[in-house]
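Undergrad: I have a structure here, written as structure tokens, and I will follow up with some questions on it.
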Amino acid sequence: MPSINGATCPEDAYYMALAIESAGQGLFTTRPNPAVGCVIVKDGEIIGRGFHPKAGQPHAEVFALREAGEQAIGACAYVTLEPCSHTGRTPPCAAALIAAKVARVVVAGLDPNPSVAGRGIAMLQAAGIEVVTGVMQAQAEALNTGFLKAMRSGLPYVRLKIATSLDGRTAMASGESKWITGSAARTDVQRLRARSAAIITGSETVIADNPSLNVRSDQLGVAVEQIPPPKIVVLDRRNRLNAAMEYTVCHNPDTLFWREDNLLALLKTLVSEHQCYDVLVEAGAKVAGSFIAAGMVDELVVYQAPCILGSTARPMVDLSLTKLATQRRYHCQSHETIGNDLKLVFTPL
């Protein structure tokens with residue numbers, strides 16, 4: 001049998017991969033809760049499968065146990081995140097697994113939420129259930145980068161999205177920018193928005209483009225009305241905007257106008273006061289440069305169109321560097337073609 005340190009076997013990896021697949025079904029709808037999946041197996045057969053669809057609704061383990069019924073006795077449950085041990089809006093899942101009399105629980109990763117933090121594992125072990133942790137942990141944690149970072153550090157996971165030409169330009173000198181990338185890339189941006197609890201932009205972008213910054217695609221695999229709308233945050237230290245103005249984001253009663261210069265304070269506030277764990281920055285070169293300069297970008301998502309806009313067009317980042325030694329370098333995490341554009345995902349080195 002695998003041990004508690006995360007050593008694994010092919011069967012465990014296979015069923016955990018299915019649990020991760022199930023968890024992905026709630027990726028756009030569970031905020032502020034993490035996306036979690038569960039698969040219950042007995043005698044080599046899947047007898048229950050579930051995912052957490054929305055905050056306030058039952059967790060993944062409960063749906064899987066309902067499907068398994070009495071067959072769950074002596075079975076093995078594969079869960080992508082440590083079962084909760086506390087009563088919140090729903091009862092503790094660790095207790096549900098114990099009551100169902102499963103014999104073994106395989107967990108991808110521990111929950112850093114202070115309300116859980118190993119207590120779920122301890123409950124299961126105290127009940128005599130064999131527990132294995134660390135199976136496909138990296139793959140499972142990729143679903144909940146924001147939640148996990150927020151629980152561990154009090155800061156959200158920040159994605160900076162930029163649409164650019166081959167020569168690194170995001171708009172003409174006049175500000176004209178619709179459209180540099182194609183419709184397929186713009187649809188993909190909708191997936192980033194759907195995953196985000198907050199979208200940060202700048203007052204200059206609002207005034208120049210009047211963006212809606214909403215989730216509106218019907219190609220996300222889930223109805224738009226099921227997706228919690230991202231909170232709009234407008235960086236406006238010059239106090240140029242207010243709720244009475246005729247810009248689209250100003251009509252949103254949940255829009256936050258941030259008047260300070262302190263980005264770190266903003267990110268902490270989004271976590272502590274608004275439970276925004278995944279943040280998307282969609283803004284101009286100045287705001288993009290500010291986040292990069294402050295070292296607050298966890299993921300840089302670049303949609304590069306096969307076009308040239310020329311030297312007078314606006315740069316993708318406003319960041320003043322005078323020496324090669326001060327360059328910002330990134331690891332290319334992934335690259336793919338979307339329509340006629342290239343999507344590049346980078347993480348800081």
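Following the order of the structure tokens, first chain is A, next is B, and so on, with residues numbered from 1 inside each chain and ligands from 1 in the order they appear.
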How would you write, as a PyMOL selection string, the set of residues in region 36-181 of chain A that DSSP gives as strand (DSSP E or B)?
TA: chain A and resi 37-42+45-51+76-79+104-107+130-133+157-164+169-171
Undergrad: Taking only residues of region 12-103 of chain A that have an atom at most 8 Å from an atom of region 147-167 of chain A, what is each one's shortest atom pair and its distance in Å to one decimal, using only C-alpha atoms, in chain and number order, as a Markdown table?
TA:
| residue | atom | partner | partner_atom | distance |
| --- | --- | --- | --- | --- |
| A:Pro32 | CA | A:Phe147 | CA | 7.7 |
| A:Asn33 | CA | A:Phe147 | CA | 7.5 |
| A:Pro34 | CA | A:Phe147 | CA | 6.2 |
Undergrad: Go ahead and save the residues from that selection, with N, CA, C and O atoms, as a short mmCIF file (atom, residue, chain, number, x, y, z; two decimals), in the first residue's frame.
TA:
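Result saved to again.cif:
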data_model
loop_
_atom_site.label_atom_id
_atom_site.label_comp_id
_atom_site.auth_asym_id
_atom_site.auth_seq_id
_atom_site.Cartn_x
_atom_site.Cartn_y
_atom_site.Cartn_z
N PRO A 32 -16.30 31.71 -3.15
CA PRO A 32 -14.87 31.73 -2.81
C PRO A 32 -14.31 30.37 -2.37
O PRO A 32 -13.16 30.30 -1.95
N ASN A 33 -15.13 29.33 -2.44
CA ASN A 33 -14.65 28.01 -2.04
C ASN A 33 -13.73 27.42 -3.11
O ASN A 33 -13.83 27.79 -4.29
N PRO A 34 -12.86 26.50 -2.73
CA PRO A 34 -12.01 25.83 -3.72
C PRO A 34 -12.80 24.83 -4.55
O PRO A 34 -13.86 24.34 -4.12
#
Undergrad: So that I can check the surroundings of Asn210 (chain A), please list as JSON, numbers by chain every protein, DNA and RNA residue that reaches within 8 Å of it, counting only C-alpha atoms and ignoring chain neighbours fewer than 5 positions away.
TA: {"A": [205, 247, 248, 249]}
Undergrad: May I have the residues from that selection written out with N, CA, C and O atoms, as a short mmCIF file (atom, residue, chain, number, x, y, z; two decimals), in the first residue's frame?
TA:
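Written out: selection_14.cif:
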data_model
loop_
_atom_site.label_atom_id
_atom_site.label_comp_id
_atom_site.auth_asym_id
_atom_site.auth_seq_id
_atom_site.Cartn_x
_atom_site.Cartn_y
_atom_site.Cartn_z
N THR A 205 -7.83 53.31 -18.49
CA THR A 205 -8.46 52.30 -19.35
C THR A 205 -9.98 52.49 -19.38
O THR A 205 -10.61 52.38 -20.44
N TYR A 247 -19.80 55.56 -17.20
CA TYR A 247 -18.99 54.45 -17.67
C TYR A 247 -19.60 53.16 -17.15
O TYR A 247 -20.17 53.11 -16.06
N THR A 248 -19.45 52.09 -17.93
CA THR A 248 -20.12 50.83 -17.59
C THR A 248 -19.76 50.34 -16.20
O THR A 248 -20.64 49.95 -15.41
N VAL A 249 -18.47 50.33 -15.85
CA VAL A 249 -18.07 49.80 -14.54
C VAL A 249 -18.55 50.70 -13.40
O VAL A 249 -18.71 50.24 -12.27
#
Undergrad: As an exercise, work out the distance from CA of Gly120 (chain A) to CA of Glu45 (chain A) in Å and give it to one decimal place.
TA: 25.4 Å
Undergrad: Could you work out how far CA of Thr181 (chain A) lies from CA of Met245 (chain A), giving the answer in Å with one decimal?
TA: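 According to the coordinates, CA of Met245 (chain A) and CA of Thr181 (chain A) are separated by 29.2 Å.
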Undergrad: Taking into account only C-alpha atoms, which residue in the set A:Gly182, A:Gly26, A:Gly118, A:Gly168 is nearest to Val131 (chain A)?
TA: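 Counting only C-alpha atoms, the residue closest to Val131 (chain A) is A:Gly118.
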Undergrad: Just checking: using only C-alpha atoms, which residue out of A:Gly175, A:Gly109, A:Gly202, A:Gly134 ends up closest to Leu241 (chain A)?
TA: A:Gly202
Undergrad: Could you find all residues in region 125-193 of chain A that DSSP calls alpha helix (DSSP H) from the backbone, and write them as a ChimeraX atom specification?
TA: /A:125-126,137-141,145-153,183-193
Undergrad: Name the residues in contact with region 292-300 of chain A at a cut-off of 10 Å, using only C-alpha atoms, excluding same-chain residues fewer than 3 positions from it; report them as JSON, numbers by chain.
TA: {"A": [145, 146, 155, 156, 157, 158, 159, 160, 161, 162, 262, 263, 264, 267, 279, 280, 281, 286, 287, 288, 289, 303, 317, 318, 319, 320, 321, 328, 330, 331, 332, 333, 344, 345, 346, 347, 348]}
Undergrad: Atoms to include: N, CA, C and O atoms. Write the selected residues as a short mmCIF file (atom, residue, chain, number, x, y, z; two decimals), in the first residue's frame.
TA:
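Now in again16.cif:
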data_model
loop_
_atom_site.label_atom_id
_atom_site.label_comp_id
_atom_site.auth_asym_id
_atom_site.auth_seq_id
_atom_site.Cartn_x
_atom_site.Cartn_y
_atom_site.Cartn_z
N THR A 145 -5.03 27.62 -7.21
CA THR A 145 -3.84 28.42 -6.88
C THR A 145 -4.19 29.64 -6.05
O THR A 145 -3.46 30.02 -5.13
N GLY A 146 -5.32 30.28 -6.35
CA GLY A 146 -5.72 31.47 -5.62
C GLY A 146 -6.10 31.15 -4.18
O GLY A 146 -5.61 31.78 -3.24
N LEU A 155 -2.57 36.81 0.56
CA LEU A 155 -2.54 37.53 -0.72
C LEU A 155 -3.17 36.67 -1.81
O LEU A 155 -3.08 35.45 -1.78
N PRO A 156 -3.79 37.29 -2.80
CA PRO A 156 -4.40 36.53 -3.89
C PRO A 156 -3.37 36.12 -4.94
O PRO A 156 -2.25 36.64 -4.97
N TYR A 157 -3.79 35.21 -5.80
CA TYR A 157 -2.98 34.83 -6.96
C TYR A 157 -3.31 35.83 -8.07
O TYR A 157 -4.46 35.99 -8.44
N VAL A 158 -2.29 36.50 -8.58
CA VAL A 158 -2.49 37.59 -9.54
C VAL A 158 -2.07 37.17 -10.94
O VAL A 158 -0.90 36.79 -11.17
N ARG A 159 -3.02 37.23 -11.86
CA ARG A 159 -2.72 37.01 -13.27
C ARG A 159 -2.77 38.35 -13.99
O ARG A 159 -3.73 39.10 -13.85
N LEU A 160 -1.76 38.63 -14.76
CA LEU A 160 -1.71 39.84 -15.58
C LEU A 160 -1.91 39.43 -17.02
O LEU A 160 -1.11 38.67 -17.57
N LYS A 161 -2.97 39.92 -17.64
CA LYS A 161 -3.28 39.56 -19.02
C LYS A 161 -2.94 40.74 -19.94
O LYS A 161 -3.29 41.89 -19.66
N ILE A 162 -2.24 40.43 -21.03
CA ILE A 162 -1.87 41.45 -22.01
C ILE A 162 -2.12 40.91 -23.41
O ILE A 162 -1.73 39.79 -23.74
N ASN A 262 -0.88 52.13 -2.81
CA ASN A 262 -0.36 50.91 -2.21
C ASN A 262 -1.05 49.67 -2.78
O ASN A 262 -2.15 49.30 -2.35
N LEU A 263 -0.39 49.00 -3.73
CA LEU A 263 -0.97 47.80 -4.35
C LEU A 263 -1.01 46.64 -3.37
O LEU A 263 -1.94 45.83 -3.40
N LEU A 264 -0.01 46.56 -2.51
CA LEU A 264 0.02 45.47 -1.53
C LEU A 264 -1.19 45.56 -0.60
O LEU A 264 -1.84 44.55 -0.30
N LEU A 267 -4.29 44.30 -2.45
CA LEU A 267 -4.38 42.85 -2.57
C LEU A 267 -4.76 42.21 -1.23
O LEU A 267 -5.57 41.27 -1.18
N VAL A 279 -7.13 37.00 -8.85
CA VAL A 279 -7.27 38.36 -9.35
C VAL A 279 -6.70 38.43 -10.76
O VAL A 279 -5.62 37.90 -11.03
N LEU A 280 -7.43 39.08 -11.64
CA LEU A 280 -6.98 39.29 -13.02
C LEU A 280 -6.76 40.78 -13.24
O LEU A 280 -7.64 41.59 -12.96
N VAL A 281 -5.59 41.14 -13.73
CA VAL A 281 -5.28 42.53 -14.06
C VAL A 281 -5.46 42.71 -15.56
O VAL A 281 -4.76 42.08 -16.36
N LYS A 286 0.78 51.33 -17.83
CA LYS A 286 1.23 51.86 -16.52
C LYS A 286 0.86 50.93 -15.39
O LYS A 286 1.68 50.64 -14.51
N VAL A 287 -0.37 50.47 -15.38
CA VAL A 287 -0.80 49.56 -14.32
C VAL A 287 -0.04 48.24 -14.42
O VAL A 287 0.42 47.69 -13.42
N ALA A 288 0.09 47.74 -15.65
CA ALA A 288 0.85 46.49 -15.84
C ALA A 288 2.28 46.64 -15.32
O ALA A 288 2.80 45.77 -14.61
N GLY A 289 2.90 47.75 -15.65
CA GLY A 289 4.26 48.00 -15.20
C GLY A 289 4.36 48.12 -13.69
O GLY A 289 5.33 47.66 -13.07
N TYR A 303 -1.40 37.27 -24.95
CA TYR A 303 -2.01 36.86 -26.22
C TYR A 303 -1.33 37.68 -27.31
O TYR A 303 -1.48 38.90 -27.37
N VAL A 317 4.12 47.29 -21.64
CA VAL A 317 4.43 47.56 -20.24
C VAL A 317 5.17 48.88 -20.14
O VAL A 317 6.11 49.14 -20.89
N ASP A 318 4.75 49.73 -19.20
CA ASP A 318 5.46 50.97 -18.90
C ASP A 318 6.34 50.70 -17.68
O ASP A 318 5.89 50.75 -16.54
N LEU A 319 7.58 50.35 -17.94
CA LEU A 319 8.51 49.97 -16.88
C LEU A 319 9.89 50.47 -17.25
O LEU A 319 10.45 50.06 -18.26
N SER A 320 10.44 51.35 -16.46
CA SER A 320 11.73 51.96 -16.78
C SER A 320 12.87 51.16 -16.17
O SER A 320 13.03 51.10 -14.94
N LEU A 321 13.65 50.52 -17.04
CA LEU A 321 14.83 49.76 -16.61
C LEU A 321 16.04 50.31 -17.35
O LEU A 321 15.99 50.51 -18.57
N ARG A 328 13.44 41.75 -16.01
CA ARG A 328 12.53 40.79 -15.38
C ARG A 328 12.43 39.57 -16.28
O ARG A 328 11.99 39.68 -17.42
N TYR A 330 11.26 35.45 -17.00
CA TYR A 330 10.14 34.56 -16.71
C TYR A 330 10.40 33.16 -17.26
O TYR A 330 11.19 32.96 -18.18
N HIS A 331 9.69 32.23 -16.67
CA HIS A 331 9.67 30.85 -17.17
C HIS A 331 8.43 30.67 -18.04
O HIS A 331 7.33 31.04 -17.64
N CYS A 332 8.60 30.15 -19.24
CA CYS A 332 7.46 29.90 -20.13
C CYS A 332 6.77 28.61 -19.67
O CYS A 332 7.27 27.51 -19.91
N GLN A 333 5.64 28.78 -19.03
CA GLN A 333 4.92 27.65 -18.46
C GLN A 333 4.15 26.88 -19.53
O GLN A 333 4.04 25.66 -19.48
N LEU A 344 0.69 32.74 -24.54
CA LEU A 344 1.90 32.42 -23.80
C LEU A 344 1.64 32.66 -22.32
O LEU A 344 1.16 33.73 -21.94
N VAL A 345 1.95 31.69 -21.50
CA VAL A 345 1.77 31.82 -20.06
C VAL A 345 3.14 31.74 -19.39
O VAL A 345 3.87 30.76 -19.57
N PHE A 346 3.46 32.77 -18.63
CA PHE A 346 4.77 32.87 -17.97
C PHE A 346 4.59 32.96 -16.45
O PHE A 346 3.61 33.54 -15.97
N THR A 347 5.57 32.42 -15.74
CA THR A 347 5.64 32.61 -14.29
C THR A 347 7.00 33.19 -13.96
O THR A 347 8.00 32.89 -14.64
N PRO A 348 7.12 34.01 -12.91
CA PRO A 348 8.40 34.62 -12.57
C PRO A 348 9.45 33.58 -12.20
O PRO A 348 9.12 32.55 -11.59
#
Undergrad: With a distance cut-off of 9 Å and only C-alpha atoms, select the neighbouring residues of Asp261 (chain A), excluding the residue or stretch itself and same-chain residues fewer than 5 positions from it, and output the selection as a ChimeraX atom specification.
TA: /A:235-237,266
Undergrad: Okay, now the selection with N, CA and C atoms, as a CSV table (one decimal), in the first residue's frame?
TA:
chain,number,residue,atom,x,y,z
A,235,LEU,N,-8.2,51.3,-10.3
A,235,LEU,CA,-7.2,52.1,-9.6
A,235,LEU,C,-7.3,53.5,-10.0
A,236,ASP,N,-7.6,54.4,-9.1
A,236,ASP,CA,-8.0,55.8,-9.4
A,236,ASP,C,-7.4,56.7,-8.3
A,237,ARG,N,-6.1,56.8,-8.2
A,237,ARG,CA,-5.5,57.6,-7.2
A,237,ARG,C,-5.7,59.1,-7.4
A,266,LEU,N,-4.0,46.9,-1.3
A,266,LEU,CA,-5.2,46.5,-2.1
A,266,LEU,C,-5.4,45.0,-2.1
Undergrad: Residues within 12 Å of Pro92 (chain A), please, as a list in words. Count only C-alpha atoms; anything in the same chain fewer than 4 positions from it doesn't count.
TA: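 Contacts, in chain order: Pro58, His59, Ala60, Glu61, Val62, Glu82, Pro83, Cys84, Ser85, His86, Thr87, Gly88, Ala96, Leu97, Ile98, Ala99, Ser115, Val116, Arg119, Gly120, Ile121, Met123 and Leu124 of chain A.
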Undergrad: Those same residues - N, CA, C and O atoms - I'd like them written as an mmCIF file, in the first residue's frame.
TA:
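Output saved as again03.cif:
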data_model
loop_
_atom_site.group_PDB
_atom_site.id
_atom_site.type_symbol
_atom_site.label_atom_id
_atom_site.label_comp_id
_atom_site.auth_asym_id
_atom_site.auth_seq_id
_atom_site.Cartn_x
_atom_site.Cartn_y
_atom_site.Cartn_z
ATOM 1 N N PRO A 58 -23.628 21.206 -1.057
ATOM 2 C CA PRO A 58 -22.799 20.121 -0.521
ATOM 3 C C PRO A 58 -21.441 20.036 -1.208
ATOM 4 O O PRO A 58 -21.294 20.413 -2.369
ATOM 5 N N HIS A 59 -20.477 19.510 -0.463
ATOM 6 C CA HIS A 59 -19.134 19.358 -1.002
ATOM 7 C C HIS A 59 -19.043 18.097 -1.859
ATOM 8 O O HIS A 59 -19.966 17.277 -1.903
ATOM 9 N N ALA A 60 -17.908 17.942 -2.519
ATOM 10 C CA ALA A 60 -17.718 16.849 -3.472
ATOM 11 C C ALA A 60 -17.931 15.480 -2.824
ATOM 12 O O ALA A 60 -18.561 14.587 -3.410
ATOM 13 N N GLU A 61 -17.418 15.313 -1.593
ATOM 14 C CA GLU A 61 -17.521 14.018 -0.919
ATOM 15 C C GLU A 61 -18.978 13.622 -0.697
ATOM 16 O O GLU A 61 -19.343 12.444 -0.819
ATOM 17 N N VAL A 62 -19.818 14.591 -0.375
ATOM 18 C CA VAL A 62 -21.227 14.306 -0.097
ATOM 19 C C VAL A 62 -21.937 13.806 -1.355
ATOM 20 O O VAL A 62 -22.684 12.819 -1.319
ATOM 21 N N GLU A 82 -7.949 18.020 1.118
ATOM 22 C CA GLU A 82 -8.257 17.453 2.429
ATOM 23 C C GLU A 82 -9.722 17.687 2.824
ATOM 24 O O GLU A 82 -10.201 18.824 2.794
ATOM 25 N N PRO A 83 -10.438 16.638 3.215
ATOM 26 C CA PRO A 83 -11.833 16.809 3.638
ATOM 27 C C PRO A 83 -11.940 17.766 4.820
ATOM 28 O O PRO A 83 -11.119 17.719 5.742
ATOM 29 N N CYS A 84 -12.944 18.636 4.775
ATOM 30 C CA CYS A 84 -13.096 19.633 5.838
ATOM 31 C C CYS A 84 -13.468 18.952 7.149
ATOM 32 O O CYS A 84 -14.102 17.896 7.176
ATOM 33 N N SER A 85 -13.092 19.600 8.241
ATOM 34 C CA SER A 85 -13.314 19.030 9.573
ATOM 35 C C SER A 85 -14.206 19.904 10.427
ATOM 36 O O SER A 85 -14.442 19.604 11.594
ATOM 37 N N HIS A 86 -14.693 21.019 9.865
ATOM 38 C CA HIS A 86 -15.476 21.972 10.633
ATOM 39 C C HIS A 86 -16.872 22.144 10.017
ATOM 40 O O HIS A 86 -17.081 21.848 8.850
ATOM 41 N N THR A 87 -17.788 22.624 10.812
ATOM 42 C CA THR A 87 -19.134 22.910 10.325
ATOM 43 C C THR A 87 -19.216 24.372 9.921
ATOM 44 O O THR A 87 -19.054 25.263 10.752
ATOM 45 N N GLY A 88 -19.414 24.604 8.636
ATOM 46 C CA GLY A 88 -19.590 25.956 8.128
ATOM 47 C C GLY A 88 -21.003 26.064 7.596
ATOM 48 O O GLY A 88 -21.978 25.868 8.320
ATOM 49 N N ALA A 96 -18.577 12.804 7.374
ATOM 50 C CA ALA A 96 -19.423 12.066 6.423
ATOM 51 C C ALA A 96 -18.710 10.812 5.928
ATOM 52 O O ALA A 96 -19.333 9.747 5.795
ATOM 53 N N LEU A 97 -17.418 10.919 5.671
ATOM 54 C CA LEU A 97 -16.647 9.751 5.225
ATOM 55 C C LEU A 97 -16.556 8.705 6.330
ATOM 56 O O LEU A 97 -16.639 7.494 6.070
ATOM 57 N N ILE A 98 -16.407 9.176 7.557
ATOM 58 C CA ILE A 98 -16.354 8.253 8.693
ATOM 59 C C ILE A 98 -17.694 7.541 8.860
ATOM 60 O O ILE A 98 -17.752 6.317 9.030
ATOM 61 N N ALA A 99 -18.776 8.304 8.776
ATOM 62 C CA ALA A 99 -20.112 7.719 8.936
ATOM 63 C C ALA A 99 -20.422 6.718 7.830
ATOM 64 O O ALA A 99 -21.141 5.737 8.050
ATOM 65 N N SER A 115 -9.123 26.647 9.413
ATOM 66 C CA SER A 115 -10.242 25.883 9.957
ATOM 67 C C SER A 115 -10.099 24.387 9.703
ATOM 68 O O SER A 115 -10.823 23.578 10.297
ATOM 69 N N VAL A 116 -9.190 24.019 8.808
ATOM 70 C CA VAL A 116 -8.968 22.611 8.478
ATOM 71 C C VAL A 116 -7.530 22.238 8.865
ATOM 72 O O VAL A 116 -7.295 21.629 9.888
ATOM 73 N N ARG A 119 -6.655 18.873 10.292
ATOM 74 C CA ARG A 119 -7.634 18.300 11.222
ATOM 75 C C ARG A 119 -8.513 17.242 10.552
ATOM 76 O O ARG A 119 -8.939 16.280 11.196
ATOM 77 N N GLY A 120 -8.792 17.457 9.270
ATOM 78 C CA GLY A 120 -9.590 16.459 8.558
ATOM 79 C C GLY A 120 -8.873 15.130 8.477
ATOM 80 O O GLY A 120 -9.471 14.063 8.704
ATOM 81 N N ILE A 121 -7.586 15.172 8.169
ATOM 82 C CA ILE A 121 -6.776 13.949 8.126
ATOM 83 C C ILE A 121 -6.750 13.291 9.495
ATOM 84 O O ILE A 121 -6.914 12.068 9.624
ATOM 85 N N MET A 123 -8.926 13.465 11.916
ATOM 86 C CA MET A 123 -10.222 12.866 12.224
ATOM 87 C C MET A 123 -10.360 11.492 11.573
ATOM 88 O O MET A 123 -10.825 10.532 12.192
ATOM 89 N N LEU A 124 -9.951 11.406 10.314
ATOM 90 C CA LEU A 124 -10.065 10.142 9.592
ATOM 91 C C LEU A 124 -9.173 9.079 10.215
ATOM 92 O O LEU A 124 -9.591 7.928 10.420
#
Undergrad: Restricting the calculation to only C-alpha atoms, which member of A:Asn214, A:Val106, A:Ala72, A:Thr201 is positioned closest to Ser290 (chain A)?
TA: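 Of A:Asn214, A:Val106, A:Ala72, A:Thr201, the one nearest Ser290 (chain A) is A:Thr201, counting only C-alpha atoms.
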Undergrad: Taking 6 positions as the minimum chain separation for residues in the same chain, which residues sit within 6 Å of Val102 (chain A) when counting only C-alpha atoms? Answer as a list in words.
TA: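 So the residues in contact are Ala72, Ile73, Gly74 and Ala75 of chain A.
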Undergrad: Using only C-alpha atoms, can you tell me which of A:Ile232, A:Leu309, A:Leu81, A:Ile227 comes closest to Ala173 (chain A)?
TA: A:Leu309
Undergrad: Just give me the gap between CA of Phe28 (chain A) and CA of Val222 (chain A) in Å, one decimal is fine.
TA: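 Separating CA of Phe28 (chain A) from CA of Val222 (chain A) is a distance of 8.0 Å.
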